[in-house]
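Chemist: Have a look at this one.
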Amino acid sequence: MYVSCVKEISLLSRQRGIFTKHQKKMATRLFSLIFLALGCVGAKAFQFQTRESPALRHESCLGFSKLLINQTGYTQYAHYYTDIPELTGFTMHYWFKLNKNFRSATTFNYALDAEVNTDNVTLQLHQGKQLHSPSHWTLHINDVLVVRLESPPVLAGRWHHMLHSWDSTQGAWSVFMDGGLLGYGYSEEGRGLVIPAGGIAVSGQHQNTAQFNGMDQGEGIEGWFTLFNMFSRPLLYPNSRGTLAAVARIARQCSPDQPEGDVISWRSTPRKGYGGIMETPAIPVCGKF
């Protein structure tokens with residue numbers, strides 16, 4: 001893996017006492033450049049120009065990676081190749097960085113029918129066209145709006161950690177941004193809903209683009225995306241001291257060694273990019289990657 005390759009050369013030099021501090025720093029940088037240029041075990045940064053790209057995962061050097069999604073040409077998104085089970089609740093979290101101000105974004109979409117998009121799970125950030133325009137997050141479950149929460153504007157150039165949770169039993173939901181509680185509540189419309197199994201799960205785009213000849217309708221991510229994990233259990237007691245501390249801790253764990261989602265794991269679930277997505281190695285530094 002990219003990070004471990006760079007780490008190993010640094011550890012080796014320190015153990016043998018071969019390099020000065022400056023030399024070790026330069027050697028690590030040089031090794032990183034060589035790695036990115038030549039790849040490790042034949043892997044390299046992936047640039048896909050066709051509508052359907054080769055598999056993005058299971059290359060040893062891209063064990064920890066980030067996606068660049070820019071929605072140029074055809075719509076761009078990542079498809080998670082896994083069997084989604086029936087769900088009555090979930091928790092998902094990820095990091096993203098927009099490249100354009102005032103851009104709306106679909107960070108996760110799951111649908112049984114991509115042609116009409118049944119919105120079985122659709123998580124979106126909606127933003128206005130000006131700095132003081134209201135922004136908000138929405139969550140649809142089976143075409144039902146269960147969350148609409150105001151949010152600070154998400155401006156270009158900064159990484160943000162998001163965590164979303166939903167529970168069918170009471171219709172409870174919660175949203176955390178950058179390790180802090182953004183909001184929580186209950187939705188009567190969301191009580192008793194069951195997310196069906198067997199659909200298609202993607203990040204980066206709303207699957208209704210099939211209705212528009214594959215063209216982006218202003219709902220796709222334009223920016224970077226990484227470390228998406230989805231769990232089959234909801235987050236309980238979002239405003240409790242223990243939960244607040246746990247989420248803050250998660251937002252500081254910026255490596256692929258964090259707990260893996262049992263529904264979708266960034267580290268283990270195969271995924272495929274469409275439309276020209278680039279996937280590159282990432283570094284485990286929160287807010288930098």
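Please note that chains go A, B, ... in the order of the structure tokens, that every chain numbers its residues from 1, and that ligands are numbered from 1 in the order shown.
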Which residues, written as a ChimeraX atom specification, have at least one atom at most 7 Å from Gln205 in chain A, with only C-alpha atoms counted and residues fewer than 6 positions away on the same chain left out?

Modeler: /A:76-77,106,219-221

Chemist: Taking the chain letters and numbering used in this document, name the residues of range 87-261 of chain A that DSSP puts in strand (DSSP E), as a PDB file with N, CA, C and O atoms, in the first residue's frame.

Modeler:
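Resulting contents of part_26.pdb:
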ATOM      1  N   GLY A  89     -32.174   0.401   9.231  1.00  0.00           N
ATOM      2  CA  GLY A  89     -31.373   1.461   9.819  1.00  0.00           C
ATOM      3  C   GLY A  89     -29.963   1.410   9.263  1.00  0.00           C
ATOM      4  O   GLY A  89     -29.551   0.401   8.675  1.00  0.00           O
ATOM      5  N   PHE A  90     -29.230   2.496   9.419  1.00  0.00           N
ATOM      6  CA  PHE A  90     -27.837   2.517   8.952  1.00  0.00           C
ATOM      7  C   PHE A  90     -27.106   3.693   9.575  1.00  0.00           C
ATOM      8  O   PHE A  90     -27.699   4.646  10.087  1.00  0.00           O
ATOM      9  N   THR A  91     -25.787   3.611   9.506  1.00  0.00           N
ATOM     10  CA  THR A  91     -24.889   4.726   9.773  1.00  0.00           C
ATOM     11  C   THR A  91     -23.864   4.743   8.655  1.00  0.00           C
ATOM     12  O   THR A  91     -23.312   3.703   8.301  1.00  0.00           O
ATOM     13  N   MET A  92     -23.633   5.887   8.057  1.00  0.00           N
ATOM     14  CA  MET A  92     -22.608   6.008   7.018  1.00  0.00           C
ATOM     15  C   MET A  92     -21.779   7.252   7.288  1.00  0.00           C
ATOM     16  O   MET A  92     -22.278   8.250   7.819  1.00  0.00           O
ATOM     17  N   HIS A  93     -20.499   7.166   6.966  1.00  0.00           N
ATOM     18  CA  HIS A  93     -19.648   8.346   7.111  1.00  0.00           C
ATOM     19  C   HIS A  93     -18.577   8.342   6.034  1.00  0.00           C
ATOM     20  O   HIS A  93     -18.231   7.298   5.467  1.00  0.00           O
ATOM     21  N   TYR A  94     -18.027   9.525   5.753  1.00  0.00           N
ATOM     22  CA  TYR A  94     -17.087   9.691   4.635  1.00  0.00           C
ATOM     23  C   TYR A  94     -16.457  11.075   4.723  1.00  0.00           C
ATOM     24  O   TYR A  94     -16.868  11.928   5.522  1.00  0.00           O
ATOM     25  N   TRP A  95     -15.453  11.293   3.882  1.00  0.00           N
ATOM     26  CA  TRP A  95     -14.814  12.604   3.714  1.00  0.00           C
ATOM     27  C   TRP A  95     -15.034  13.086   2.286  1.00  0.00           C
ATOM     28  O   TRP A  95     -14.990  12.296   1.344  1.00  0.00           O
ATOM     29  N   PHE A  96     -15.251  14.385   2.121  1.00  0.00           N
ATOM     30  CA  PHE A  96     -15.356  14.933   0.765  1.00  0.00           C
ATOM     31  C   PHE A  96     -14.859  16.376   0.743  1.00  0.00           C
ATOM     32  O   PHE A  96     -14.840  17.061   1.760  1.00  0.00           O
ATOM     33  N   LYS A  97     -14.450  16.814  -0.449  1.00  0.00           N
ATOM     34  CA  LYS A  97     -13.990  18.191  -0.658  1.00  0.00           C
ATOM     35  C   LYS A  97     -14.492  18.657  -2.017  1.00  0.00           C
ATOM     36  O   LYS A  97     -14.199  18.043  -3.047  1.00  0.00           O
ATOM     37  N   LEU A  98     -15.247  19.744  -2.033  1.00  0.00           N
ATOM     38  CA  LEU A  98     -15.756  20.280  -3.285  1.00  0.00           C
ATOM     39  C   LEU A  98     -14.692  21.134  -3.974  1.00  0.00           C
ATOM     40  O   LEU A  98     -13.877  21.780  -3.310  1.00  0.00           O
ATOM     41  N   ALA A 105     -24.465  18.323  -4.199  1.00  0.00           N
ATOM     42  CA  ALA A 105     -23.740  17.061  -4.347  1.00  0.00           C
ATOM     43  C   ALA A 105     -24.570  15.901  -3.816  1.00  0.00           C
ATOM     44  O   ALA A 105     -25.208  16.002  -2.766  1.00  0.00           O
ATOM     45  N   THR A 106     -24.532  14.784  -4.555  1.00  0.00           N
ATOM     46  CA  THR A 106     -25.135  13.530  -4.100  1.00  0.00           C
ATOM     47  C   THR A 106     -24.003  12.643  -3.603  1.00  0.00           C
ATOM     48  O   THR A 106     -23.214  12.132  -4.394  1.00  0.00           O
ATOM     49  N   THR A 107     -23.913  12.475  -2.300  1.00  0.00           N
ATOM     50  CA  THR A 107     -22.808  11.694  -1.750  1.00  0.00           C
ATOM     51  C   THR A 107     -23.122  10.196  -1.727  1.00  0.00           C
ATOM     52  O   THR A 107     -22.202   9.381  -1.736  1.00  0.00           O
ATOM     53  N   PHE A 108     -24.426   9.834  -1.701  1.00  0.00           N
ATOM     54  CA  PHE A 108     -24.799   8.417  -1.743  1.00  0.00           C
ATOM     55  C   PHE A 108     -26.189   8.280  -2.339  1.00  0.00           C
ATOM     56  O   PHE A 108     -27.088   9.070  -2.036  1.00  0.00           O
ATOM     57  N   ASN A 109     -26.330   7.276  -3.218  1.00  0.00           N
ATOM     58  CA  ASN A 109     -27.629   6.978  -3.818  1.00  0.00           C
ATOM     59  C   ASN A 109     -27.763   5.472  -3.988  1.00  0.00           C
ATOM     60  O   ASN A 109     -26.853   4.803  -4.489  1.00  0.00           O
ATOM     61  N   TYR A 110     -28.887   4.954  -3.531  1.00  0.00           N
ATOM     62  CA  TYR A 110     -29.178   3.521  -3.641  1.00  0.00           C
ATOM     63  C   TYR A 110     -30.573   3.364  -4.219  1.00  0.00           C
ATOM     64  O   TYR A 110     -31.525   4.001  -3.729  1.00  0.00           O
ATOM     65  N   ALA A 111     -30.701   2.556  -5.260  1.00  0.00           N
ATOM     66  CA  ALA A 111     -31.987   2.417  -5.932  1.00  0.00           C
ATOM     67  C   ALA A 111     -32.144   1.026  -6.521  1.00  0.00           C
ATOM     68  O   ALA A 111     -31.184   0.438  -7.028  1.00  0.00           O
ATOM     69  N   VAL A 121     -32.427   5.061  -0.996  1.00  0.00           N
ATOM     70  CA  VAL A 121     -31.623   5.895  -0.094  1.00  0.00           C
ATOM     71  C   VAL A 121     -30.942   6.957  -0.956  1.00  0.00           C
ATOM     72  O   VAL A 121     -30.148   6.614  -1.829  1.00  0.00           O
ATOM     73  N   THR A 122     -31.260   8.207  -0.712  1.00  0.00           N
ATOM     74  CA  THR A 122     -30.600   9.288  -1.450  1.00  0.00           C
ATOM     75  C   THR A 122     -30.183  10.363  -0.460  1.00  0.00           C
ATOM     76  O   THR A 122     -31.026  10.955   0.220  1.00  0.00           O
ATOM     77  N   LEU A 123     -28.885  10.595  -0.395  1.00  0.00           N
ATOM     78  CA  LEU A 123     -28.307  11.569   0.531  1.00  0.00           C
ATOM     79  C   LEU A 123     -27.686  12.686  -0.294  1.00  0.00           C
ATOM     80  O   LEU A 123     -26.790  12.444  -1.102  1.00  0.00           O
ATOM     81  N   GLN A 124     -28.187  13.911  -0.094  1.00  0.00           N
ATOM     82  CA  GLN A 124     -27.739  15.020  -0.930  1.00  0.00           C
ATOM     83  C   GLN A 124     -27.499  16.287  -0.125  1.00  0.00           C
ATOM     84  O   GLN A 124     -28.201  16.572   0.856  1.00  0.00           O
ATOM     85  N   LEU A 125     -26.498  17.046  -0.578  1.00  0.00           N
ATOM     86  CA  LEU A 125     -26.245  18.394  -0.103  1.00  0.00           C
ATOM     87  C   LEU A 125     -26.808  19.356  -1.143  1.00  0.00           C
ATOM     88  O   LEU A 125     -26.479  19.255  -2.333  1.00  0.00           O
ATOM     89  N   HIS A 126     -27.645  20.287  -0.713  1.00  0.00           N
ATOM     90  CA  HIS A 126     -28.228  21.290  -1.611  1.00  0.00           C
ATOM     91  C   HIS A 126     -27.682  22.657  -1.218  1.00  0.00           C
ATOM     92  O   HIS A 126     -27.736  23.046  -0.050  1.00  0.00           O
ATOM     93  N   SER A 135     -28.047  26.512   2.829  1.00  0.00           N
ATOM     94  CA  SER A 135     -27.646  25.173   2.405  1.00  0.00           C
ATOM     95  C   SER A 135     -28.348  24.170   3.303  1.00  0.00           C
ATOM     96  O   SER A 135     -28.667  24.471   4.461  1.00  0.00           O
ATOM     97  N   HIS A 136     -28.586  22.971   2.798  1.00  0.00           N
ATOM     98  CA  HIS A 136     -29.212  21.956   3.627  1.00  0.00           C
ATOM     99  C   HIS A 136     -28.917  20.563   3.100  1.00  0.00           C
ATOM    100  O   HIS A 136     -28.630  20.374   1.911  1.00  0.00           O
ATOM    101  N   TRP A 137     -28.970  19.602   4.006  1.00  0.00           N
ATOM    102  CA  TRP A 137     -28.843  18.190   3.677  1.00  0.00           C
ATOM    103  C   TRP A 137     -30.236  17.559   3.650  1.00  0.00           C
ATOM    104  O   TRP A 137     -31.098  17.905   4.463  1.00  0.00           O
ATOM    105  N   THR A 138     -30.435  16.650   2.699  1.00  0.00           N
ATOM    106  CA  THR A 138     -31.683  15.893   2.655  1.00  0.00           C
ATOM    107  C   THR A 138     -31.383  14.403   2.591  1.00  0.00           C
ATOM    108  O   THR A 138     -30.361  13.982   2.041  1.00  0.00           O
ATOM    109  N   LEU A 139     -32.298  13.627   3.170  1.00  0.00           N
ATOM    110  CA  LEU A 139     -32.232  12.179   3.091  1.00  0.00           C
ATOM    111  C   LEU A 139     -33.609  11.664   2.685  1.00  0.00           C
ATOM    112  O   LEU A 139     -34.603  11.958   3.358  1.00  0.00           O
ATOM    113  N   HIS A 140     -33.654  10.934   1.577  1.00  0.00           N
ATOM    114  CA  HIS A 140     -34.873  10.265   1.137  1.00  0.00           C
ATOM    115  C   HIS A 140     -34.729   8.764   1.375  1.00  0.00           C
ATOM    116  O   HIS A 140     -33.690   8.176   1.043  1.00  0.00           O
ATOM    117  N   ILE A 141     -35.762   8.150   1.921  1.00  0.00           N
ATOM    118  CA  ILE A 141     -35.835   6.709   2.077  1.00  0.00           C
ATOM    119  C   ILE A 141     -37.092   6.242   1.340  1.00  0.00           C
ATOM    120  O   ILE A 141     -38.205   6.690   1.659  1.00  0.00           O
ATOM    121  N   VAL A 144     -39.389   8.858   0.253  1.00  0.00           N
ATOM    122  CA  VAL A 144     -39.963   9.666   1.328  1.00  0.00           C
ATOM    123  C   VAL A 144     -38.880  10.570   1.911  1.00  0.00           C
ATOM    124  O   VAL A 144     -37.803  10.094   2.289  1.00  0.00           O
ATOM    125  N   LEU A 145     -39.148  11.865   1.993  1.00  0.00           N
ATOM    126  CA  LEU A 145     -38.204  12.794   2.606  1.00  0.00           C
ATOM    127  C   LEU A 145     -38.262  12.631   4.119  1.00  0.00           C
ATOM    128  O   LEU A 145     -39.277  12.938   4.749  1.00  0.00           O
ATOM    129  N   VAL A 146     -37.187  12.141   4.720  1.00  0.00           N
ATOM    130  CA  VAL A 146     -37.164  11.916   6.165  1.00  0.00           C
ATOM    131  C   VAL A 146     -36.246  12.895   6.885  1.00  0.00           C
ATOM    132  O   VAL A 146     -36.353  13.047   8.107  1.00  0.00           O
ATOM    133  N   VAL A 147     -35.353  13.560   6.154  1.00  0.00           N
ATOM    134  CA  VAL A 147     -34.465  14.553   6.773  1.00  0.00           C
ATOM    135  C   VAL A 147     -34.327  15.754   5.842  1.00  0.00           C
ATOM    136  O   VAL A 147     -34.094  15.599   4.637  1.00  0.00           O
ATOM    137  N   ARG A 148     -34.495  16.931   6.415  1.00  0.00           N
ATOM    138  CA  ARG A 148     -34.120  18.182   5.746  1.00  0.00           C
ATOM    139  C   ARG A 148     -33.518  19.069   6.819  1.00  0.00           C
ATOM    140  O   ARG A 148     -34.209  19.574   7.688  1.00  0.00           O
ATOM    141  N   LEU A 149     -32.193  19.246   6.758  1.00  0.00           N
ATOM    142  CA  LEU A 149     -31.452  19.895   7.833  1.00  0.00           C
ATOM    143  C   LEU A 149     -30.583  21.015   7.283  1.00  0.00           C
ATOM    144  O   LEU A 149     -29.790  20.799   6.360  1.00  0.00           O
ATOM    145  N   GLU A 150     -30.735  22.199   7.849  1.00  0.00           N
ATOM    146  CA  GLU A 150     -29.902  23.321   7.438  1.00  0.00           C
ATOM    147  C   GLU A 150     -28.439  23.045   7.761  1.00  0.00           C
ATOM    148  O   GLU A 150     -28.118  22.393   8.759  1.00  0.00           O
ATOM    149  N   SER A 151     -27.554  23.571   6.921  1.00  0.00           N
ATOM    150  CA  SER A 151     -26.121  23.319   7.053  1.00  0.00           C
ATOM    151  C   SER A 151     -25.346  24.584   6.754  1.00  0.00           C
ATOM    152  O   SER A 151     -25.781  25.422   5.961  1.00  0.00           O
ATOM    153  N   HIS A 160     -14.258  17.898   4.427  1.00  0.00           N
ATOM    154  CA  HIS A 160     -15.251  17.798   5.499  1.00  0.00           C
ATOM    155  C   HIS A 160     -15.559  16.328   5.773  1.00  0.00           C
ATOM    156  O   HIS A 160     -15.671  15.521   4.836  1.00  0.00           O
ATOM    157  N   HIS A 161     -15.698  16.028   7.062  1.00  0.00           N
ATOM    158  CA  HIS A 161     -16.151  14.688   7.444  1.00  0.00           C
ATOM    159  C   HIS A 161     -17.636  14.758   7.753  1.00  0.00           C
ATOM    160  O   HIS A 161     -18.094  15.636   8.482  1.00  0.00           O
ATOM    161  N   MET A 162     -18.404  13.815   7.170  1.00  0.00           N
ATOM    162  CA  MET A 162     -19.850  13.759   7.396  1.00  0.00           C
ATOM    163  C   MET A 162     -20.219  12.379   7.935  1.00  0.00           C
ATOM    164  O   MET A 162     -19.671  11.359   7.497  1.00  0.00           O
ATOM    165  N   LEU A 163     -21.150  12.371   8.889  1.00  0.00           N
ATOM    166  CA  LEU A 163     -21.709  11.122   9.389  1.00  0.00           C
ATOM    167  C   LEU A 163     -23.225  11.273   9.449  1.00  0.00           C
ATOM    168  O   LEU A 163     -23.743  12.264   9.972  1.00  0.00           O
ATOM    169  N   HIS A 164     -23.936  10.295   8.877  1.00  0.00           N
ATOM    170  CA  HIS A 164     -25.393  10.305   8.822  1.00  0.00           C
ATOM    171  C   HIS A 164     -25.911   8.988   9.382  1.00  0.00           C
ATOM    172  O   HIS A 164     -25.371   7.914   9.078  1.00  0.00           O
ATOM    173  N   SER A 165     -26.976   9.078  10.173  1.00  0.00           N
ATOM    174  CA  SER A 165     -27.568   7.871  10.741  1.00  0.00           C
ATOM    175  C   SER A 165     -29.088   7.957  10.656  1.00  0.00           C
ATOM    176  O   SER A 165     -29.668   9.055  10.766  1.00  0.00           O
ATOM    177  N   TRP A 166     -29.740   6.811  10.475  1.00  0.00           N
ATOM    178  CA  TRP A 166     -31.202   6.746  10.389  1.00  0.00           C
ATOM    179  C   TRP A 166     -31.679   5.424  10.965  1.00  0.00           C
ATOM    180  O   TRP A 166     -31.036   4.391  10.779  1.00  0.00           O
ATOM    181  N   ASP A 167     -32.810   5.476  11.681  1.00  0.00           N
ATOM    182  CA  ASP A 167     -33.378   4.291  12.315  1.00  0.00           C
ATOM    183  C   ASP A 167     -34.874   4.237  12.019  1.00  0.00           C
ATOM    184  O   ASP A 167     -35.609   5.184  12.315  1.00  0.00           O
ATOM    185  N   ALA A 172     -35.852   7.913  13.846  1.00  0.00           N
ATOM    186  CA  ALA A 172     -34.804   8.793  14.364  1.00  0.00           C
ATOM    187  C   ALA A 172     -33.697   8.980  13.337  1.00  0.00           C
ATOM    188  O   ALA A 172     -33.343   8.057  12.604  1.00  0.00           O
ATOM    189  N   TRP A 173     -33.119  10.190  13.320  1.00  0.00           N
ATOM    190  CA  TRP A 173     -32.014  10.490  12.417  1.00  0.00           C
ATOM    191  C   TRP A 173     -31.043  11.452  13.105  1.00  0.00           C
ATOM    192  O   TRP A 173     -31.409  12.160  14.046  1.00  0.00           O
ATOM    193  N   SER A 174     -29.817  11.458  12.627  1.00  0.00           N
ATOM    194  CA  SER A 174     -28.814  12.401  13.129  1.00  0.00           C
ATOM    195  C   SER A 174     -27.786  12.666  12.043  1.00  0.00           C
ATOM    196  O   SER A 174     -27.529  11.806  11.183  1.00  0.00           O
ATOM    197  N   VAL A 175     -27.216  13.858  12.078  1.00  0.00           N
ATOM    198  CA  VAL A 175     -26.196  14.274  11.106  1.00  0.00           C
ATOM    199  C   VAL A 175     -25.066  14.954  11.873  1.00  0.00           C
ATOM    200  O   VAL A 175     -25.317  15.860  12.688  1.00  0.00           O
ATOM    201  N   PHE A 176     -23.843  14.531  11.604  1.00  0.00           N
ATOM    202  CA  PHE A 176     -22.656  15.123  12.203  1.00  0.00           C
ATOM    203  C   PHE A 176     -21.771  15.685  11.093  1.00  0.00           C
ATOM    204  O   PHE A 176     -21.636  15.075  10.031  1.00  0.00           O
ATOM    205  N   MET A 177     -21.169  16.833  11.357  1.00  0.00           N
ATOM    206  CA  MET A 177     -20.268  17.458  10.381  1.00  0.00           C
ATOM    207  C   MET A 177     -18.965  17.819  11.081  1.00  0.00           C
ATOM    208  O   MET A 177     -18.979  18.498  12.112  1.00  0.00           O
ATOM    209  N   GLY A 180     -18.763  17.196  14.842  1.00  0.00           N
ATOM    210  CA  GLY A 180     -19.727  17.834  15.728  1.00  0.00           C
ATOM    211  C   GLY A 180     -21.155  17.560  15.288  1.00  0.00           C
ATOM    212  O   GLY A 180     -21.419  17.334  14.099  1.00  0.00           O
ATOM    213  N   LEU A 181     -22.085  17.568  16.221  1.00  0.00           N
ATOM    214  CA  LEU A 181     -23.490  17.287  15.928  1.00  0.00           C
ATOM    215  C   LEU A 181     -24.114  18.470  15.198  1.00  0.00           C
ATOM    216  O   LEU A 181     -24.200  19.578  15.733  1.00  0.00           O
ATOM    217  N   LEU A 182     -24.556  18.220  13.957  1.00  0.00           N
ATOM    218  CA  LEU A 182     -25.204  19.260  13.165  1.00  0.00           C
ATOM    219  C   LEU A 182     -26.705  19.323  13.471  1.00  0.00           C
ATOM    220  O   LEU A 182     -27.312  20.381  13.465  1.00  0.00           O
ATOM    221  N   GLY A 183     -27.301  18.165  13.742  1.00  0.00           N
ATOM    222  CA  GLY A 183     -28.714  18.136  14.077  1.00  0.00           C
ATOM    223  C   GLY A 183     -29.212  16.713  14.233  1.00  0.00           C
ATOM    224  O   GLY A 183     -28.588  15.764  13.751  1.00  0.00           O
ATOM    225  N   TYR A 184     -30.336  16.557  14.917  1.00  0.00           N
ATOM    226  CA  TYR A 184     -30.963  15.245  15.062  1.00  0.00           C
ATOM    227  C   TYR A 184     -32.457  15.442  15.275  1.00  0.00           C
ATOM    228  O   TYR A 184     -32.918  16.550  15.596  1.00  0.00           O
ATOM    229  N   GLY A 185     -33.218  14.381  15.070  1.00  0.00           N
ATOM    230  CA  GLY A 185     -34.654  14.504  15.243  1.00  0.00           C
ATOM    231  C   GLY A 185     -35.359  13.204  14.916  1.00  0.00           C
ATOM    232  O   GLY A 185     -34.741  12.136  14.832  1.00  0.00           O
ATOM    233  N   TYR A 186     -36.681  13.334  14.729  1.00  0.00           N
ATOM    234  CA  TYR A 186     -37.524  12.173  14.448  1.00  0.00           C
ATOM    235  C   TYR A 186     -38.453  12.510  13.280  1.00  0.00           C
ATOM    236  O   TYR A 186     -38.933  13.636  13.171  1.00  0.00           O
ATOM    237  N   ILE A 200     -28.766  -1.018  -6.470  1.00  0.00           N
ATOM    238  CA  ILE A 200     -27.462  -0.524  -6.913  1.00  0.00           C
ATOM    239  C   ILE A 200     -27.067   0.665  -6.043  1.00  0.00           C
ATOM    240  O   ILE A 200     -27.845   1.618  -5.891  1.00  0.00           O
ATOM    241  N   ALA A 201     -25.869   0.610  -5.480  1.00  0.00           N
ATOM    242  CA  ALA A 201     -25.379   1.660  -4.586  1.00  0.00           C
ATOM    243  C   ALA A 201     -24.232   2.413  -5.261  1.00  0.00           C
ATOM    244  O   ALA A 201     -23.284   1.794  -5.763  1.00  0.00           O
ATOM    245  N   VAL A 202     -24.306   3.747  -5.267  1.00  0.00           N
ATOM    246  CA  VAL A 202     -23.268   4.570  -5.887  1.00  0.00           C
ATOM    247  C   VAL A 202     -22.978   5.781  -5.019  1.00  0.00           C
ATOM    248  O   VAL A 202     -23.792   6.192  -4.190  1.00  0.00           O
ATOM    249  N   SER A 203     -21.813   6.367  -5.233  1.00  0.00           N
ATOM    250  CA  SER A 203     -21.470   7.677  -4.666  1.00  0.00           C
ATOM    251  C   SER A 203     -21.063   8.601  -5.804  1.00  0.00           C
ATOM    252  O   SER A 203     -20.414   8.171  -6.760  1.00  0.00           O
ATOM    253  N   GLY A 223     -15.517  17.211  -7.044  1.00  0.00           N
ATOM    254  CA  GLY A 223     -14.467  17.329  -6.039  1.00  0.00           C
ATOM    255  C   GLY A 223     -13.896  15.975  -5.684  1.00  0.00           C
ATOM    256  O   GLY A 223     -13.887  15.054  -6.494  1.00  0.00           O
ATOM    257  N   TRP A 224     -13.410  15.852  -4.449  1.00  0.00           N
ATOM    258  CA  TRP A 224     -12.742  14.649  -3.973  1.00  0.00           C
ATOM    259  C   TRP A 224     -13.623  13.903  -2.973  1.00  0.00           C
ATOM    260  O   TRP A 224     -14.425  14.520  -2.268  1.00  0.00           O
ATOM    261  N   PHE A 225     -13.407  12.586  -2.887  1.00  0.00           N
ATOM    262  CA  PHE A 225     -14.248  11.741  -2.046  1.00  0.00           C
ATOM    263  C   PHE A 225     -13.429  10.554  -1.573  1.00  0.00           C
ATOM    264  O   PHE A 225     -12.686   9.948  -2.351  1.00  0.00           O
ATOM    265  N   THR A 226     -13.553  10.201  -0.277  1.00  0.00           N
ATOM    266  CA  THR A 226     -12.784   9.069   0.228  1.00  0.00           C
ATOM    267  C   THR A 226     -13.392   8.520   1.514  1.00  0.00           C
ATOM    268  O   THR A 226     -14.243   9.146   2.154  1.00  0.00           O
ATOM    269  N   LEU A 227     -12.932   7.338   1.902  1.00  0.00           N
ATOM    270  CA  LEU A 227     -13.218   6.688   3.173  1.00  0.00           C
ATOM    271  C   LEU A 227     -14.716   6.552   3.466  1.00  0.00           C
ATOM    272  O   LEU A 227     -15.172   6.791   4.579  1.00  0.00           O
ATOM    273  N   PHE A 228     -15.478   6.140   2.457  1.00  0.00           N
ATOM    274  CA  PHE A 228     -16.910   5.890   2.674  1.00  0.00           C
ATOM    275  C   PHE A 228     -17.098   4.520   3.327  1.00  0.00           C
ATOM    276  O   PHE A 228     -16.615   3.509   2.825  1.00  0.00           O
ATOM    277  N   ASN A 229     -17.807   4.495   4.439  1.00  0.00           N
ATOM    278  CA  ASN A 229     -18.165   3.249   5.113  1.00  0.00           C
ATOM    279  C   ASN A 229     -19.624   3.315   5.520  1.00  0.00           C
ATOM    280  O   ASN A 229     -20.102   4.345   6.002  1.00  0.00           O
ATOM    281  N   MET A 230     -20.325   2.192   5.326  1.00  0.00           N
ATOM    282  CA  MET A 230     -21.747   2.121   5.676  1.00  0.00           C
ATOM    283  C   MET A 230     -21.984   0.906   6.553  1.00  0.00           C
ATOM    284  O   MET A 230     -21.569  -0.205   6.232  1.00  0.00           O
ATOM    285  N   PHE A 231     -22.664   1.144   7.674  1.00  0.00           N
ATOM    286  CA  PHE A 231     -22.952   0.110   8.656  1.00  0.00           C
ATOM    287  C   PHE A 231     -24.456  -0.148   8.714  1.00  0.00           C
ATOM    288  O   PHE A 231     -25.264   0.760   8.466  1.00  0.00           O
TER     289      PHE A 231
END

Chemist: How many Å separate CA of Ile283 in chain A from CA of Tyr81 in chain A?

Modeler: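 Distance reported for this atom pair: 24.4 Å.
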
Chemist: Could you name the residues that touch Arg252 in chain A at 10 Å or less, counting only C-alpha atoms, but leaving out those on the same chain fewer than 4 positions away, as a PyMOL selection string?

Modeler: chain A and resi 161+178-179+247-248+284-287

Chemist: To one decimal in Å, tell me the separation between CA of His132 in chain A and CA of Gly157 in chain A.

Modeler: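 Computing it gives 17.7 Å between the two atoms.
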